[in-house]
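work13.tsv (TSV, C-alpha atoms) appears below.
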chain	number	residue	atom	x	y	z
A	1	MET	CA	10.35	-0.68	7.45
A	2	PRO	CA	9.57	1.48	10.48
A	3	PHE	CA	6.18	2.48	9.06
A	4	ALA	CA	4.85	-1.07	8.97
A	5	ALA	CA	3.34	-0.55	12.42
A	6	LEU	CA	1.53	2.56	11.25
A	7	ALA	CA	0.20	0.76	8.19
A	8	ALA	CA	-1.42	-1.81	10.50
A	9	ALA	CA	-2.63	0.73	13.05
A	10	THR	CA	-6.36	0.91	13.64
A	11	THR	CA	-6.32	4.43	15.09
A	12	PRO	CA	-6.95	6.92	12.25
A	13	THR	CA	-4.71	9.55	13.81
A	14	ALA	CA	-1.72	7.20	13.54
A	15	HIS	CA	-1.53	8.33	9.91
A	16	ILE	CA	-1.11	11.96	10.97
A	17	GLY	CA	2.38	12.85	12.12
A	18	LEU	CA	3.66	15.79	14.13
A	19	GLY	CA	6.33	17.95	12.49
A	20	LEU	CA	8.48	20.13	14.74
A	21	ALA	CA	9.59	22.77	12.23
A	22	ALA	CA	7.39	25.45	13.81
A	23	VAL	CA	8.44	25.01	17.44
A	24	GLY	CA	12.14	24.12	17.44
A	25	ARG	CA	13.31	27.66	16.64
A	26	PRO	CA	11.97	31.19	17.19
A	27	GLY	CA	11.56	32.08	13.51
A	28	TYR	CA	9.70	30.27	10.73
A	29	ILE	CA	7.60	31.07	7.65
A	30	ASN	CA	4.21	29.82	8.87
A	31	LEU	CA	1.57	32.55	9.05
A	32	HIS	CA	0.49	34.09	12.38
A	33	ARG	CA	3.37	32.88	14.54
A	34	ASP	CA	2.91	36.07	16.57
A	35	ARG	CA	-0.39	34.58	17.76
A	36	ASP	CA	0.78	30.98	18.04
A	37	LEU	CA	3.93	31.28	20.15
A	38	PRO	CA	4.70	33.12	23.39
A	39	ALA	CA	6.27	36.55	23.08
A	40	ASP	CA	9.31	35.24	24.93
A	41	ARG	CA	10.65	32.58	22.60
A	42	ASP	CA	13.71	31.60	24.57
A	43	PRO	CA	14.79	27.94	24.41
A	44	ASP	CA	13.03	27.06	27.66
A	45	ALA	CA	9.71	28.41	26.37
A	46	LEU	CA	9.92	26.50	23.09
A	47	ARG	CA	11.16	23.38	24.87
A	48	ALA	CA	8.06	23.50	27.06
A	49	ARG	CA	5.80	24.08	24.03
A	50	THR	CA	7.41	21.20	22.13
A	51	HIS	CA	6.98	18.81	25.04
A	52	GLU	CA	3.38	19.92	25.51
A	53	LEU	CA	2.64	19.23	21.85
A	54	LEU	CA	4.35	15.84	21.95
A	55	ASP	CA	2.36	14.81	25.02
A	56	ALA	CA	-0.90	15.87	23.38
A	57	ALA	CA	-0.01	14.18	20.10
A	58	TYR	CA	0.85	10.86	21.72
A	59	ALA	CA	-2.29	10.93	23.86
A	60	GLN	CA	-4.41	11.42	20.72
A	61	GLY	CA	-2.87	8.57	18.75
A	62	VAL	CA	-0.11	10.27	16.76
A	63	ARG	CA	2.80	7.87	16.32
A	64	TYR	CA	5.16	9.59	13.85
A	65	VAL	CA	7.32	12.59	14.79
A	66	ASP	CA	9.29	14.50	12.16
A	67	THR	CA	12.24	16.77	12.84
A	68	ALA	CA	15.49	17.93	11.22
A	69	ARG	CA	18.97	19.18	12.03
A	70	SER	CA	17.96	22.64	10.77
A	71	TYR	CA	14.90	22.98	13.01
A	72	GLY	CA	16.84	24.91	15.62
A	73	ARG	CA	16.89	22.80	18.79
A	74	ALA	CA	13.99	20.52	17.85
A	75	GLU	CA	16.04	17.32	17.93
A	76	GLU	CA	17.32	18.29	21.37
A	77	PHE	CA	13.81	18.97	22.67
A	78	LEU	CA	12.52	15.71	21.19
A	79	GLY	CA	15.42	13.70	22.57
A	80	GLU	CA	14.81	15.03	26.08
A	81	TRP	CA	11.12	14.19	25.81
A	82	LEU	CA	11.88	10.65	24.61
A	83	ASP	CA	14.44	10.08	27.37
A	84	ALA	CA	11.78	10.91	29.96
A	85	ARG	CA	9.30	8.44	28.40
A	86	PRO	CA	11.14	5.16	27.79
A	87	SER	CA	7.86	3.24	27.66
A	88	PHE	CA	6.79	5.01	24.44
A	89	THR	CA	8.31	2.34	22.22
A	90	ASP	CA	5.70	2.49	19.46
A	91	LEU	CA	6.81	5.86	18.07
A	92	VAL	CA	8.48	6.26	14.69
A	93	ILE	CA	11.06	9.04	14.77
A	94	GLY	CA	12.29	10.65	11.56
A	95	SER	CA	14.86	13.38	11.11
A	96	LYS	CA	16.61	15.04	8.18
A	97	TRP	CA	20.10	16.20	7.30
A	98	GLY	CA	21.38	18.58	4.63
A	99	TYR	CA	20.54	22.01	6.07
A	100	THR	CA	22.52	23.65	8.85
A	101	TYR	CA	20.69	26.05	11.16
A	102	THR	CA	22.51	29.40	11.12
A	103	ALA	CA	20.08	31.90	12.71
A	104	ASP	CA	21.68	31.71	16.19
A	105	TRP	CA	18.24	31.70	17.81
A	106	GLY	CA	17.25	34.91	16.04
A	107	VAL	CA	14.22	35.87	13.97
A	108	GLU	CA	15.81	38.64	11.90
A	109	ALA	CA	18.80	36.58	10.77
A	110	GLU	CA	20.29	37.28	7.36
A	111	GLN	CA	20.27	33.53	6.68
A	112	HIS	CA	18.32	30.97	8.69
A	113	GLU	CA	19.73	27.80	7.19
A	114	VAL	CA	22.40	26.75	4.71
A	115	LYS	CA	21.94	23.78	2.39
A	116	ASP	CA	24.76	21.32	1.70
A	117	HIS	CA	24.28	17.72	0.59
A	118	SER	CA	27.96	16.76	0.79
A	119	LEU	CA	29.29	13.61	2.44
A	120	ALA	CA	31.10	15.74	5.03
A	121	THR	CA	27.84	17.40	6.05
A	122	PHE	CA	26.11	14.03	6.30
A	123	GLU	CA	28.82	12.62	8.55
A	124	ARG	CA	28.77	15.67	10.83
A	125	GLN	CA	25.01	15.94	11.07
A	126	TYR	CA	24.38	12.22	11.47
A	127	ALA	CA	26.73	12.21	14.47
A	128	GLU	CA	24.86	15.21	15.91
A	129	THR	CA	21.48	13.56	15.37
A	130	ARG	CA	22.62	10.30	16.93
A	131	ASP	CA	23.97	12.19	19.94
A	132	LEU	CA	20.54	13.75	20.51
A	133	LEU	CA	18.17	10.95	19.47
A	134	GLY	CA	20.25	7.83	20.04
A	135	ASP	CA	18.83	4.56	18.80
A	136	ARG	CA	15.31	6.00	18.67
A	137	LEU	CA	16.07	7.32	15.17
A	138	SER	CA	14.06	5.25	12.69
A	139	LEU	CA	14.31	7.32	9.52
A	140	TYR	CA	17.00	9.69	8.24
A	141	GLN	CA	16.08	11.76	5.21
A	142	VAL	CA	18.08	13.94	2.84
A	143	HIS	CA	16.51	17.36	3.37
A	144	SER	CA	14.94	19.20	0.42
A	145	VAL	CA	16.32	17.30	-2.55
A	146	THR	CA	16.07	18.94	-5.97
A	147	PRO	CA	16.94	17.25	-9.29
A	148	ASP	CA	20.49	18.66	-9.23
A	149	SER	CA	21.30	17.46	-5.70
A	150	PRO	CA	24.52	15.45	-5.26
A	151	ALA	CA	22.48	13.21	-2.97
A	152	LEU	CA	21.20	11.61	-6.17
A	153	THR	CA	24.58	11.12	-7.87
A	154	ASP	CA	27.51	11.20	-5.40
A	155	LYS	CA	28.56	7.53	-5.29
A	156	GLU	CA	30.56	7.88	-2.09
A	157	LEU	CA	27.65	9.54	-0.31
A	158	LEU	CA	25.18	7.00	-1.68
A	159	GLY	CA	27.41	4.20	-0.44
A	160	ARG	CA	27.46	5.73	3.03
A	161	LEU	CA	23.68	6.06	3.01
A	162	ALA	CA	23.39	2.43	1.96
A	163	ALA	CA	25.60	1.46	4.90
A	164	LEU	CA	23.28	3.40	7.19
A	165	ALA	CA	20.33	1.46	5.78
A	166	ALA	CA	22.20	-1.80	6.35
A	167	ASP	CA	22.59	-0.77	10.00
A	168	GLY	CA	18.80	-0.58	10.33
A	169	VAL	CA	18.02	3.11	9.78
A	170	THR	CA	15.62	3.68	6.90
A	171	VAL	CA	16.95	6.15	4.32
A	172	GLY	CA	14.58	8.62	2.69
A	173	LEU	CA	14.44	12.06	1.15
A	174	SER	CA	12.29	15.15	1.21
A	175	THR	CA	11.70	17.37	-1.81
A	176	SER	CA	10.78	20.97	-2.44
A	177	GLY	CA	10.36	23.38	-5.32
A	178	PRO	CA	8.42	23.25	-8.59
A	179	ALA	CA	10.44	20.25	-9.85
A	180	GLN	CA	9.50	17.91	-7.01
A	181	ALA	CA	8.23	15.27	-9.43
A	182	ASP	CA	11.56	15.20	-11.27
A	183	ALA	CA	13.46	14.79	-7.99
A	184	ILE	CA	11.17	11.97	-6.86
A	185	ARG	CA	11.54	10.07	-10.12
A	186	ALA	CA	15.31	10.52	-10.06
A	187	ALA	CA	15.36	9.16	-6.50
A	188	LEU	CA	13.35	6.11	-7.53
A	189	ALA	CA	16.09	5.26	-10.01
A	190	VAL	CA	18.90	5.39	-7.42
A	191	THR	CA	20.28	1.98	-6.53
A	192	VAL	CA	23.34	0.77	-4.62
A	193	ASP	CA	24.59	-2.72	-5.46
A	194	GLY	CA	21.38	-3.26	-7.39
A	195	GLU	CA	19.07	-2.39	-4.49
A	196	PRO	CA	16.83	0.70	-4.27
A	197	LEU	CA	18.26	3.13	-1.72
A	198	PHE	CA	15.39	5.42	-0.77
A	199	ARG	CA	12.46	3.84	1.06
A	200	THR	CA	10.48	6.96	1.93
A	201	VAL	CA	9.76	10.26	0.22
A	202	GLN	CA	8.45	13.39	1.92
A	203	ALA	CA	6.94	16.01	-0.39
A	204	THR	CA	4.78	19.10	-0.39
A	205	TYR	CA	1.23	18.44	-1.50
A	206	ASN	CA	-1.86	20.47	-0.75
A	207	ALA	CA	-4.94	21.94	-2.42
A	208	LEU	CA	-2.81	24.66	-4.01
A	209	GLU	CA	0.21	22.56	-5.04
A	210	THR	CA	-0.61	19.14	-6.49
A	211	SER	CA	2.10	18.77	-9.13
A	212	ALA	CA	3.97	15.98	-7.31
A	213	ALA	CA	0.93	13.68	-7.16
A	214	PRO	CA	1.71	11.42	-10.16
A	215	ALA	CA	5.31	10.92	-9.00
A	216	LEU	CA	4.14	10.24	-5.44
A	217	ALA	CA	1.75	7.61	-6.77
A	218	GLU	CA	4.69	6.01	-8.61
A	219	ALA	CA	6.74	6.07	-5.41
A	220	HIS	CA	3.91	4.41	-3.49
A	221	ASP	CA	3.56	1.76	-6.18
A	222	ALA	CA	7.31	1.13	-5.92
A	223	GLY	CA	6.90	0.35	-2.22
A	224	LEU	CA	8.01	3.65	-0.69
A	225	THR	CA	6.16	5.24	2.21
A	226	VAL	CA	4.93	8.71	1.18
A	227	ILE	CA	5.02	11.42	3.84
A	228	VAL	CA	3.20	14.65	3.01
A	229	LYS	CA	4.38	17.99	4.40
A	230	GLU	CA	2.87	21.47	4.20
A	231	GLY	CA	-0.66	20.16	3.74
A	232	MET	CA	-1.94	23.56	4.88
A	233	ALA	CA	0.45	25.53	2.67
A	234	ASN	CA	2.22	27.16	5.62
A	235	GLY	CA	-1.09	28.44	6.99
A	236	ARG	CA	-2.67	29.63	3.75
A	237	LEU	CA	-5.39	26.95	4.04
A	238	ALA	CA	-6.20	27.43	7.72
A	239	GLY	CA	-8.31	29.87	9.72
A	240	ASP	CA	-9.23	33.19	8.19
A	241	GLU	CA	-6.64	32.69	5.46
A	242	ALA	CA	-8.49	29.69	4.02
A	243	PRO	CA	-10.35	30.13	0.72
A	244	ALA	CA	-14.14	30.40	0.95
A	245	MET	CA	-14.58	26.83	-0.33
A	246	PHE	CA	-12.59	25.51	2.63
A	247	GLN	CA	-14.54	27.57	5.08
A	248	GLU	CA	-17.88	26.39	3.65
A	249	ILE	CA	-16.92	22.70	3.80
A	250	ALA	CA	-15.49	23.15	7.28
A	251	ALA	CA	-18.60	24.87	8.58
A	252	ALA	CA	-20.82	22.10	7.23
A	253	ALA	CA	-18.62	19.43	8.82
A	254	GLY	CA	-18.25	21.26	12.12
A	255	VAL	CA	-14.46	21.42	11.88
A	256	GLY	CA	-11.84	23.98	10.91
A	257	GLY	CA	-10.43	24.65	7.48
A	258	ASP	CA	-7.18	23.03	8.61
A	259	ALA	CA	-8.95	19.68	9.06
A	260	VAL	CA	-10.42	19.96	5.56
A	261	ALA	CA	-6.98	20.72	4.13
A	262	LEU	CA	-5.40	17.68	5.77
A	263	ALA	CA	-8.41	15.47	4.98
A	264	LEU	CA	-7.92	16.22	1.29
A	265	VAL	CA	-4.38	14.86	1.57
A	266	LEU	CA	-5.37	11.85	3.66
A	267	HIS	CA	-7.83	10.86	0.96
A	268	GLN	CA	-5.03	10.43	-1.58
A	269	PRO	CA	-4.49	6.68	-2.02
A	270	TRP	CA	-0.71	7.08	-1.99
A	271	ALA	CA	-0.48	9.14	1.22
A	272	GLY	CA	1.01	7.11	4.07
A	273	VAL	CA	1.59	9.81	6.70
A	274	VAL	CA	0.37	13.41	6.62
A	275	LEU	CA	2.18	15.92	8.82
A	276	SER	CA	0.65	18.43	11.15
A	277	GLY	CA	2.83	21.46	11.72
A	278	ALA	CA	0.84	22.61	14.74
A	279	ALA	CA	2.37	25.18	17.06
A	280	THR	CA	-0.35	24.93	19.73
A	281	VAL	CA	-2.27	22.06	21.30
A	282	GLY	CA	-5.50	23.59	20.02
A	283	GLN	CA	-4.17	23.59	16.48
A	284	LEU	CA	-3.06	19.98	16.84
A	285	SER	CA	-6.49	18.88	18.04
A	286	GLY	CA	-8.10	20.71	15.14
A	287	ASN	CA	-5.70	19.11	12.66
A	288	LEU	CA	-6.47	15.64	13.99
A	289	HIS	CA	-10.15	16.07	13.11
A	290	ALA	CA	-9.00	15.51	9.53
A	291	ALA	CA	-9.07	11.78	10.21
A	292	VAL	CA	-12.87	11.78	10.39
A	293	VAL	CA	-13.70	14.31	7.65
A	294	ASP	CA	-15.33	12.88	4.52
A	295	LEU	CA	-15.20	14.81	1.25
A	296	ASP	CA	-17.68	14.00	-1.50
A	297	ASP	CA	-16.94	14.21	-5.22
A	298	GLU	CA	-18.51	17.66	-5.57
A	299	GLN	CA	-16.43	19.06	-2.72
A	300	ARG	CA	-13.24	17.57	-4.11
A	301	ALA	CA	-14.00	19.04	-7.51
A	302	GLY	CA	-14.47	22.44	-5.92
A	303	LEU	CA	-11.14	22.16	-4.13
A	304	ASP	CA	-9.44	21.06	-7.36
A	305	ALA	CA	-10.28	24.46	-8.82
A	306	LEU	CA	-7.92	26.11	-6.31
A	307	VAL	CA	-4.74	24.60	-7.76
A	308	GLU	CA	-1.99	27.07	-8.62
A	309	GLU	CA	0.81	26.73	-11.16
A	310	PRO	CA	3.81	25.21	-9.34
A	311	GLU	CA	6.15	28.08	-10.21
A	312	ALA	CA	3.65	30.60	-8.83
A	313	TYR	CA	3.08	28.58	-5.67
A	314	TRP	CA	6.77	28.22	-4.89
A	315	ARG	CA	7.47	31.85	-5.73
A	316	HIS	CA	4.81	32.86	-3.19
A	317	ARG	CA	6.25	30.48	-0.60
A	318	ALA	CA	9.77	31.85	-1.13
A	319	GLY	CA	8.41	35.32	-0.37
A	320	LEU	CA	6.91	34.39	3.00
A	321	PRO	CA	8.79	36.22	5.77
A	322	TRP	CA	10.50	34.49	8.69
A	323	HIS	CA	8.69	35.87	11.72
Starting from the file, lay out its structure as structure tokens.
Amino acid sequence: MPFAALAAATTPTAHIGLGLAAVGRPGYINLHRDRDLPADRDPDALRARTHELLDAAYAQGVRYVDTARSYGRAEEFLGEWLDARPSFTDLVIGSKWGYTYTADWGVEAEQHEVKDHSLATFERQYAETRDLLGDRLSLYQVHSVTPDSPALTDKELLGRLAALAADGVTVGLSTSGPAQADAIRAALAVTVDGEPLFRTVQATYNALETSAAPALAEAHDAGLTVIVKEGMANGRLAGDEAPAMFQEIAAAAGVGGDAVALALVLHQPWAGVVLSGAATVGQLSGNLHAAVVDLDDEQRAGLDALVEEPEAYWRHRAGLPWH
């Protein structure tokens, strides 16, 4: 398992990963991108920002990087950065397939990405990922699995994924939507030739959306590495957007609300890696303070009161504009 090194790491920030969703393309749904990215978001500008973030992350102990075929040119930017740093052999690189980027480097696109979990899409996108990341790819995940995804039932596709695992690339999945727990449990039941297929699961979990927690605990107990995404709810739990409870705890601890949000996730016993979606080096440094934030029982109870119904949370998320 590629995450064995992280499990043994003594640096707390090794359990915080850097996700590239926010910097591989000009448009995304995170709040305040107008403040976070340069006005000129041409590929060269976002390439430079991505490389700057990767340098800062590695220097501060981050050892997992998460990307996807649909994150614009993020795999390309990451591959270039890795090629220039051959000595960085302790990184774990994960990518995802199943969405195709369709915005043509635009922000006002009618459709930014198209989902397709077919075998044909896997074969095409795996070849594209390999071309950009080479043998540095450690983990390949099915992107945004829901309970009705063919990635859970298509025997030919599952056989191809099992062959990928036999070649040394760990196979995982990410989930989204109010039925994340159902998707996770269905994935735990998937076997090929009697062996479990999926060895990691990446899911949304934060102070507002906690519904996947029991299923994530089951996945952890089954030996899967749990990767948590959207720990700051696409910016709703950071900065001025953060609820008063976050701001109070953050002020007392001398950190930002973003660190409190990620600390809450890090404290979950099943959480293996928690992703930062930082778009600036300052945001990344603030996120990494989560590794040293302690939350007492009273504070956790106060944060528990913020939980939203899953359907309401995902309906709100679906309404966030690409900007």
Two-atom distance - atom CA of A:Val228, atom CA of A:Leu264 (Å) =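 Atom-to-atom, atom CA of A:Val228 to atom CA of A:Leu264, that is 11.4 Å.
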For A:Gln141, the nearest of the candidates A:Ala109, A:Ala187, A:Ile249, A:Ala68, counting all atoms listed in the file = A:Ala68
Write out as a ChimeraX atom specification which residues come within 12 Å of stretch 113-118 of chain A when counting all atoms listed in the file, dropping same-chain ones fewer than 6 positions away.
-> /A:25,27-28,68-72,96-107,124-125,141-146,148-158,160-161,173,322
Name the closest residue to A:Gln60 among the candidates A:Leu18, A:Val274, A:Ala127, A:Ala207; distances are taken between atoms, counting only C-alpha atoms.
->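 Checking each of A:Leu18, A:Val274, A:Ala127, A:Ala207 against A:Gln60, counting only C-alpha atoms, the winner is A:Leu18.
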Residue nearest A:Ala59 - candidates A:Ala165, A:Leu295, A:Thr204, A:Thr13, atoms counted: only C-alpha atoms =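 Smallest separation from A:Ala59 among the options: A:Thr13.
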In Å, with one decimal, what is the gap from atom CA of A:Val171 to atom CA of A:Thr200?
-> 6.9 Å
Rounded to one decimal place, report the atom CA of A:Ala305-atom CA of A:Ser174 distance in Å.
->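 For atom CA of A:Ala305 relative to atom CA of A:Ser174, the distance reads 26.4 Å.
Comparing the minimum interatomic distances between A:Val169 and each of A:Ala222, A:Ile93, A:Ala238, A:Ala213, counting all atoms listed in the file, we find that A:Ile93 sits nearest.
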Using all atoms listed in the file, pick whichever of A:Ala186, A:Ala212, A:Ala242, A:Val293 has the shortest atom-to-atom distance to A:Leu306.
-> A:Ala242
Have a look at A:Leu284, A:Ile16, A:Ala48, A:Leu6 and name the one nearest to A:Leu266; count only C-alpha atoms.
-> A:Ile16
Within 12 Å of A:Leu288, counting all atoms listed in the file, which residues show up once you throw out same-chain ones fewer than 6 positions away? Write them as a PyMOL selection string, please.
-> chain A and resi 11-18+56-62+255-263+266+274-278+281-282
Non-local contacts of A:Asn206 (9 Å; all atoms listed in the file; under 3 positions in same chain excluded) as a list of chain:residue names |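 Skipping anything fewer than 3 positions along the chain leaves A:Glu209, A:Thr210, A:Val228, A:Lys229, A:Glu230, A:Gly231, A:Met232, A:Ala233, A:Leu237, A:Ala261, A:Leu262, A:Leu264, A:Val265, A:Val307.
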Skipping near chain neighbours, those fewer than 2 positions away, what residues fall within 6 Å of A:Trp270 using only C-alpha atoms, listed as a list in words?
-> Ala217, His220 and Gln268 of chain A
Please export stretch 6-67 of chain A as a PDB file, in the first residue's frame, restricted to C-alpha atoms.
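Output below, filename out_4.pdb:
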ATOM      1  CA  LEU A   6       2.548   8.028   5.630  1.00  0.00           C
ATOM      2  CA  ALA A   7       1.170   5.825   8.382  1.00  0.00           C
ATOM      3  CA  ALA A   8       4.695   5.538   9.812  1.00  0.00           C
ATOM      4  CA  ALA A   9       5.584   9.191   9.286  1.00  0.00           C
ATOM      5  CA  THR A  10       6.468  11.195  12.367  1.00  0.00           C
ATOM      6  CA  THR A  11       5.750  14.591  10.788  1.00  0.00           C
ATOM      7  CA  PRO A  12       2.126  15.538  11.570  1.00  0.00           C
ATOM      8  CA  THR A  13       1.697  17.343   8.265  1.00  0.00           C
ATOM      9  CA  ALA A  14       2.348  14.090   6.380  1.00  0.00           C
ATOM     10  CA  HIS A  15      -1.298  13.276   7.100  1.00  0.00           C
ATOM     11  CA  ILE A  16      -2.444  16.415   5.290  1.00  0.00           C
ATOM     12  CA  GLY A  17      -2.439  16.128   1.520  1.00  0.00           C
ATOM     13  CA  LEU A  18      -2.546  18.787  -1.178  1.00  0.00           C
ATOM     14  CA  GLY A  19      -5.429  18.600  -3.648  1.00  0.00           C
ATOM     15  CA  LEU A  20      -5.039  20.385  -6.971  1.00  0.00           C
ATOM     16  CA  ALA A  21      -8.705  20.863  -7.898  1.00  0.00           C
ATOM     17  CA  ALA A  22      -8.564  24.616  -7.270  1.00  0.00           C
ATOM     18  CA  VAL A  23      -5.451  25.438  -9.302  1.00  0.00           C
ATOM     19  CA  GLY A  24      -5.461  23.157 -12.336  1.00  0.00           C
ATOM     20  CA  ARG A  25      -8.200  25.073 -14.170  1.00  0.00           C
ATOM     21  CA  PRO A  26      -9.487  28.659 -14.201  1.00  0.00           C
ATOM     22  CA  GLY A  27     -12.972  27.895 -12.856  1.00  0.00           C
ATOM     23  CA  TYR A  28     -14.038  26.027  -9.720  1.00  0.00           C
ATOM     24  CA  ILE A  29     -16.746  26.189  -7.044  1.00  0.00           C
ATOM     25  CA  ASN A  30     -14.607  27.206  -4.061  1.00  0.00           C
ATOM     26  CA  LEU A  31     -15.600  30.563  -2.576  1.00  0.00           C
ATOM     27  CA  HIS A  32     -13.530  33.724  -3.185  1.00  0.00           C
ATOM     28  CA  ARG A  33     -11.466  32.497  -6.127  1.00  0.00           C
ATOM     29  CA  ASP A  34     -11.463  36.102  -7.354  1.00  0.00           C
ATOM     30  CA  ARG A  35      -9.227  36.892  -4.369  1.00  0.00           C
ATOM     31  CA  ASP A  36      -7.193  33.686  -4.438  1.00  0.00           C
ATOM     32  CA  LEU A  37      -6.019  33.516  -8.046  1.00  0.00           C
ATOM     33  CA  PRO A  38      -4.437  36.069 -10.376  1.00  0.00           C
ATOM     34  CA  ALA A  39      -6.775  37.948 -12.694  1.00  0.00           C
ATOM     35  CA  ASP A  40      -4.923  36.444 -15.640  1.00  0.00           C
ATOM     36  CA  ARG A  41      -5.583  32.738 -15.265  1.00  0.00           C
ATOM     37  CA  ASP A  42      -3.831  31.535 -18.370  1.00  0.00           C
ATOM     38  CA  PRO A  43      -2.109  28.134 -18.195  1.00  0.00           C
ATOM     39  CA  ASP A  44       1.295  29.640 -17.459  1.00  0.00           C
ATOM     40  CA  ALA A  45      -0.072  31.560 -14.458  1.00  0.00           C
ATOM     41  CA  LEU A  46      -1.778  28.502 -12.977  1.00  0.00           C
ATOM     42  CA  ARG A  47       1.230  26.318 -13.751  1.00  0.00           C
ATOM     43  CA  ALA A  48       3.393  28.721 -11.759  1.00  0.00           C
ATOM     44  CA  ARG A  49       0.860  28.796  -8.889  1.00  0.00           C
ATOM     45  CA  THR A  50       0.641  24.991  -8.831  1.00  0.00           C
ATOM     46  CA  HIS A  51       4.412  24.606  -8.723  1.00  0.00           C
ATOM     47  CA  GLU A  52       4.668  27.232  -5.992  1.00  0.00           C
ATOM     48  CA  LEU A  53       2.110  25.365  -3.892  1.00  0.00           C
ATOM     49  CA  LEU A  54       3.813  22.025  -4.446  1.00  0.00           C
ATOM     50  CA  ASP A  55       7.180  23.441  -3.402  1.00  0.00           C
ATOM     51  CA  ALA A  56       5.679  24.938  -0.244  1.00  0.00           C
ATOM     52  CA  ALA A  57       3.759  21.767   0.572  1.00  0.00           C
ATOM     53  CA  TYR A  58       6.798  19.510   0.241  1.00  0.00           C
ATOM     54  CA  ALA A  59       8.945  21.877   2.301  1.00  0.00           C
ATOM     55  CA  GLN A  60       6.354  21.767   5.105  1.00  0.00           C
ATOM     56  CA  GLY A  61       6.073  17.984   5.243  1.00  0.00           C
ATOM     57  CA  VAL A  62       3.135  17.249   2.939  1.00  0.00           C
ATOM     58  CA  ARG A  63       3.689  13.919   1.212  1.00  0.00           C
ATOM     59  CA  TYR A  64       0.402  13.153  -0.578  1.00  0.00           C
ATOM     60  CA  VAL A  65      -0.743  14.998  -3.715  1.00  0.00           C
ATOM     61  CA  ASP A  66      -4.221  14.472  -5.150  1.00  0.00           C
ATOM     62  CA  THR A  67      -5.285  15.288  -8.695  1.00  0.00           C
TER      63      THR A  67
END
